Amino acid sequence: MSGNKNTVALITGATSGIGKAIAEVFAKSGYRLAINGFGEAAQIAEVLAHFKSLGASEAIHIDSDMSKAADIEKLIKETHEKLGSLDVLINNAGIQHTDNVENFPVEKWDQIIAINLTAAFHTIRLAVPLMRARNFGRIINIASVHGLVASNQKAAYVASKHGLVGLTKVVALELAETGITCNAVCPGWVLTPLVEKQVNAIAEREKIDHAAAVHKLVSEKQPSNQFVELSELGELCLFLAGPAARSITGVSLPIDGGWTAR
Ligand code: NAD
């Protein structure tokens, strides 16, 4: 489909997991894609070729570390210069660390707040003038159910995601009279490398196999007893990026198999 061949989506952290899955759905819809995220050069080249094979009109990777403001400036500037506009911004890059608050490593706290929250402040503050100039934009922040409710051992993650939900509301209000919307998507458990680490930690701690650890992790919080599928997140973001979502702004939408209904 080529309907979006002139529409540019920047998706952060799209070399893996949820970001990559969102990019796949946007690629199928013909978008011009800019991504960042870590990975070996060969792996990144493969990911970009994959997006193009799915239908992306363009797919570029911009080397930039979301914990560094100067890198984020480069990311926004190069996206705009190389692809010609910036229509959809998806703040997805994120990290996790689990520990009790009294043991939480200070450097992990700083890193999580920087990548999960401060980076979105930077991308948004830099993208909004470009979007205002065309009176169109879609900002989608990949928060989490942990932007709405808490869990043990996730002080920094929960604080960062609650912060991201708050930032989403402020940006939506400030831009409410423009053609730019800002929303948060709040996934429950999705099987990605970020969650795989938590499954492995449970298996090791409880001395159970991988399948039993998955069941323990998911069933404790997510009433559906199933992971949210990666493609479901892509389709939700595609809808939020489209014309039918014009009046949806400032919301934090759970996609969580019932987690936050409890
Ligand atoms: P992941 O580890 O598979 O992918 C994270 C991506 O972010 C990778 O591409 C990685 O290279 C990139 N990244 C990390 N630090 C970066 C940095 N400093 N600079 C640039 N890129 C960086 O994780 P995921 O599970 O796909 O998570 C993606 C987002 O979804 C995160 O914000 C996470 O909090 C959120 N989320 C995940 C789940 C889940 O169950 N997996 C649930 C709710 C929310």
# chains A, B, ... in the order shown; residues from 1 in each chain; ligands from 1
$ residues_around --residues "His210 (chain A)" --least-positions-apart "4" --cutoff "12 Å" --atoms "only C-alpha atoms" --output "ChimeraX atom specification"
/A:196-206,214-217
$ closest_atom_pairs --of "chain A" --to "ligand 1" --cutoff "9 Å" --atoms "only C-alpha atoms and all ligand atoms" --output "Markdown table"
| residue | atom | partner | partner_atom_place_in_ligand_line | distance |
| --- | --- | --- | --- | --- |
| A:Thr12 | CA | ligand 1 | 21 (N) | 6.5 |
| A:Gly13 | CA | ligand 1 | 7 (O) | 3.4 |
| A:Ala14 | CA | ligand 1 | 9 (O) | 4.6 |
| A:Thr15 | CA | ligand 1 | 9 (O) | 4.0 |
| A:Ser16 | CA | ligand 1 | 9 (O) | 4.3 |
| A:Gly17 | CA | ligand 1 | 26 (O) | 3.4 |
| A:Ile18 | CA | ligand 1 | 26 (O) | 3.7 |
| A:Gly19 | CA | ligand 1 | 26 (O) | 5.7 |
| A:Lys20 | CA | ligand 1 | 9 (O) | 7.2 |
| A:Ala21 | CA | ligand 1 | 26 (O) | 8.3 |
| A:Ile35 | CA | ligand 1 | 9 (O) | 8.9 |
| A:Asn36 | CA | ligand 1 | 21 (N) | 6.0 |
| A:Gly37 | CA | ligand 1 | 21 (N) | 3.6 |
| A:Phe38 | CA | ligand 1 | 11 (O) | 3.7 |
| A:Gly39 | CA | ligand 1 | 11 (O) | 6.4 |
| A:Asp63 | CA | ligand 1 | 20 (C) | 8.0 |
| A:Ser64 | CA | ligand 1 | 20 (C) | 5.9 |
| A:Asp65 | CA | ligand 1 | 19 (N) | 3.6 |
| A:Met66 | CA | ligand 1 | 19 (N) | 3.8 |
| A:Ser67 | CA | ligand 1 | 18 (N) | 4.9 |
| A:Lys68 | CA | ligand 1 | 18 (N) | 7.8 |
| A:Asp71 | CA | ligand 1 | 19 (N) | 9.0 |
| A:Asn91 | CA | ligand 1 | 32 (O) | 7.5 |
| A:Asn92 | CA | ligand 1 | 32 (O) | 4.6 |
| A:Ala93 | CA | ligand 1 | 7 (O) | 3.6 |
| A:Gly94 | CA | ligand 1 | 32 (O) | 3.5 |
| A:Ile95 | CA | ligand 1 | 14 (C) | 5.7 |
| A:Gln96 | CA | ligand 1 | 34 (O) | 6.8 |
| A:Gln111 | CA | ligand 1 | 18 (N) | 8.1 |
| A:Ile112 | CA | ligand 1 | 15 (N) | 8.9 |
| A:Ala114 | CA | ligand 1 | 18 (N) | 8.4 |
| A:Ile115 | CA | ligand 1 | 18 (N) | 5.8 |
| A:Asn116 | CA | ligand 1 | 32 (O) | 6.1 |
| A:Ala119 | CA | ligand 1 | 18 (N) | 8.9 |
| A:Asn141 | CA | ligand 1 | 32 (O) | 8.3 |
| A:Ile142 | CA | ligand 1 | 32 (O) | 5.5 |
| A:Ala143 | CA | ligand 1 | 44 (C) | 5.5 |
| A:Ser144 | CA | ligand 1 | 43 (C) | 4.0 |
| A:Val145 | CA | ligand 1 | 43 (C) | 6.3 |
| A:His146 | CA | ligand 1 | 43 (C) | 7.2 |
| A:Gly147 | CA | ligand 1 | 44 (C) | 8.8 |
| A:Tyr157 | CA | ligand 1 | 34 (O) | 7.5 |
| A:Lys161 | CA | ligand 1 | 34 (O) | 7.7 |
| A:Val185 | CA | ligand 1 | 44 (C) | 8.2 |
| A:Cys186 | CA | ligand 1 | 43 (C) | 6.1 |
| A:Pro187 | CA | ligand 1 | 43 (C) | 4.3 |
| A:Gly188 | CA | ligand 1 | 42 (C) | 5.0 |
| A:Trp189 | CA | ligand 1 | 40 (O) | 3.6 |
| A:Val190 | CA | ligand 1 | 40 (O) | 3.6 |
| A:Leu191 | CA | ligand 1 | 41 (N) | 5.6 |
| A:Thr192 | CA | ligand 1 | 25 (O) | 4.7 |
| A:Pro193 | CA | ligand 1 | 3 (O) | 4.5 |
| A:Leu194 | CA | ligand 1 | 2 (O) | 4.2 |
| A:Val195 | CA | ligand 1 | 41 (N) | 5.2 |
| A:Glu196 | CA | ligand 1 | 41 (N) | 8.4 |
| A:Phe227 | CA | ligand 1 | 40 (O) | 8.0 |
| A:Val228 | CA | ligand 1 | 40 (O) | 7.9 |
| A:Leu230 | CA | ligand 1 | 26 (O) | 8.7 |
| A:Asp256 | CA | ligand 1 | 42 (C) | 8.6 |
$ residues_around --residues "Arg134 (chain A)" --least-positions-apart "6" --cutoff "12 Å" --atoms "only C-alpha atoms" --output "PyMOL selection string"
chain A and resi 84-87+127-128+178-180
$ select_by_dssp --residues "region 19-262 of chain A" --states "helix (DSSP H, G or I)" --output "number ranges by chain"
A: 19-28, 41-54, 69-83, 101-103, 106-134, 145-147, 155-174, 193-206, 210-221, 230-241, 243-245, 259-261
$ closest_residue --among "A:Ile255, A:Ile62, A:Val106, A:Gly250" --to "Glu232 (chain A)" --atoms "only C-alpha atoms"
A:Ile255
$ residues_around --residues "region 51-56 of chain A" --least-positions-apart "6" --cutoff "12 Å" --atoms "only C-alpha atoms" --output "list in words"
Met1, Ser2, Gly3, Asn4, Lys5, Asn6, Thr7, Val8, Ala9, Ala14, Thr15, Lys20, Ala21, Ile22, Ala23, Glu24, Val25, Phe26, Ala27, Lys28, Ser29, Gly30, Tyr31, Arg32, Leu33, Ala34, Ile35, Ile44 and Ala45 of chain A
$ residues_around --residues "region 163-168 of chain A" --least-positions-apart "3" --cutoff "7 Å" --atoms "only C-alpha atoms" --output "ChimeraX atom specification"
/A:117,143,147,159-160,171-172,182-184,250,252
$ write_last_selection --atoms "all heavy atoms" --output "compact mmCIF listing (two decimals), in the first residue's frame"
# COMPACT_ATOMS: atom_id res chain seq x y z
N LEU A 117 11.84 8.67 29.97
CA LEU A 117 11.05 9.89 30.16
C LEU A 117 11.70 11.13 29.53
O LEU A 117 11.11 11.77 28.67
CB LEU A 117 10.80 10.11 31.66
CG LEU A 117 10.06 11.41 32.04
CD1 LEU A 117 8.70 11.49 31.35
CD2 LEU A 117 9.90 11.50 33.56
N ALA A 143 4.08 4.03 26.63
CA ALA A 143 4.24 4.03 28.10
C ALA A 143 4.17 2.58 28.54
O ALA A 143 4.97 1.74 28.10
CB ALA A 143 3.19 4.91 28.74
N GLY A 147 2.49 2.92 33.63
CA GLY A 147 2.20 4.36 33.64
C GLY A 147 0.89 4.65 34.37
O GLY A 147 0.56 5.80 34.65
N ALA A 159 7.94 5.15 37.89
CA ALA A 159 8.02 6.62 37.97
C ALA A 159 8.18 7.20 36.56
O ALA A 159 7.52 8.19 36.21
CB ALA A 159 9.19 7.03 38.86
N SER A 160 9.04 6.57 35.75
CA SER A 160 9.27 7.12 34.40
C SER A 160 8.00 7.02 33.55
O SER A 160 7.66 7.94 32.81
CB SER A 160 10.43 6.39 33.70
OG SER A 160 10.08 5.05 33.36
N VAL A 171 1.19 17.85 26.76
CA VAL A 171 1.44 18.13 25.34
C VAL A 171 0.11 18.15 24.57
O VAL A 171 -0.13 19.03 23.74
CB VAL A 171 2.42 17.09 24.75
CG1 VAL A 171 2.57 17.26 23.24
CG2 VAL A 171 3.79 17.19 25.44
N ALA A 172 -0.78 17.21 24.90
CA ALA A 172 -2.09 17.17 24.23
C ALA A 172 -2.86 18.46 24.48
O ALA A 172 -3.46 19.02 23.56
CB ALA A 172 -2.88 15.96 24.72
N CYS A 182 -1.43 13.94 20.77
CA CYS A 182 -0.41 13.27 21.58
C CYS A 182 -1.10 12.27 22.51
O CYS A 182 -1.97 12.66 23.30
CB CYS A 182 0.37 14.31 22.39
SG CYS A 182 1.68 13.58 23.42
N ASN A 183 -0.75 11.02 22.37
CA ASN A 183 -1.37 9.96 23.18
C ASN A 183 -0.33 8.99 23.70
O ASN A 183 0.78 8.91 23.16
CB ASN A 183 -2.39 9.19 22.32
CG ASN A 183 -3.55 10.06 21.91
OD1 ASN A 183 -4.35 10.47 22.76
ND2 ASN A 183 -3.64 10.38 20.62
N ALA A 184 -0.73 8.26 24.73
CA ALA A 184 0.15 7.21 25.26
C ALA A 184 -0.52 5.86 25.05
O ALA A 184 -1.75 5.73 25.16
CB ALA A 184 0.41 7.44 26.74
N GLY A 250 -4.51 13.08 24.29
CA GLY A 250 -4.36 13.15 25.75
C GLY A 250 -4.75 11.87 26.46
O GLY A 250 -4.76 11.83 27.69
N SER A 252 -4.44 7.77 27.56
CA SER A 252 -3.44 6.73 27.84
C SER A 252 -4.21 5.42 27.71
O SER A 252 -5.01 5.08 28.57
CB SER A 252 -2.88 6.90 29.23
OG SER A 252 -2.28 8.17 29.30
$ select_by_dssp --residues "region 46-164 of chain A" --states "strand (DSSP E)" --output "list in words"
Glu58, Ala59, Ile60, His61, Val88, Leu89, Ile90, Asn91, Gly137, Arg138, Ile139, Ile140, Asn141 and Ile142 of chain A
$ closest_residue --among "A:Ile139, A:Ala211, A:Cys237, A:Val158" --to "Thr249 (chain A)" --atoms "only C-alpha atoms"
A:Ile139
$ atom_distance --atom1 "CA of Glu235 (chain A)" --atom2 "CA of Ile140 (chain A)"
12.7 Å
$ closest_residue --among "A:Glu40, A:Glu46, A:Phe136, A:His162" --to "Glu177 (chain A)" --atoms "only C-alpha atoms"
A:Phe136
$ atom_distance --atom1 "CA of Gly257 (chain A)" --atom2 "CA of Glu220 (chain A)"
12.1 Å
$ atom_distance --atom1 "CA of Val170 (chain A)" --atom2 "CA of Pro254 (chain A)"
18.7 Å
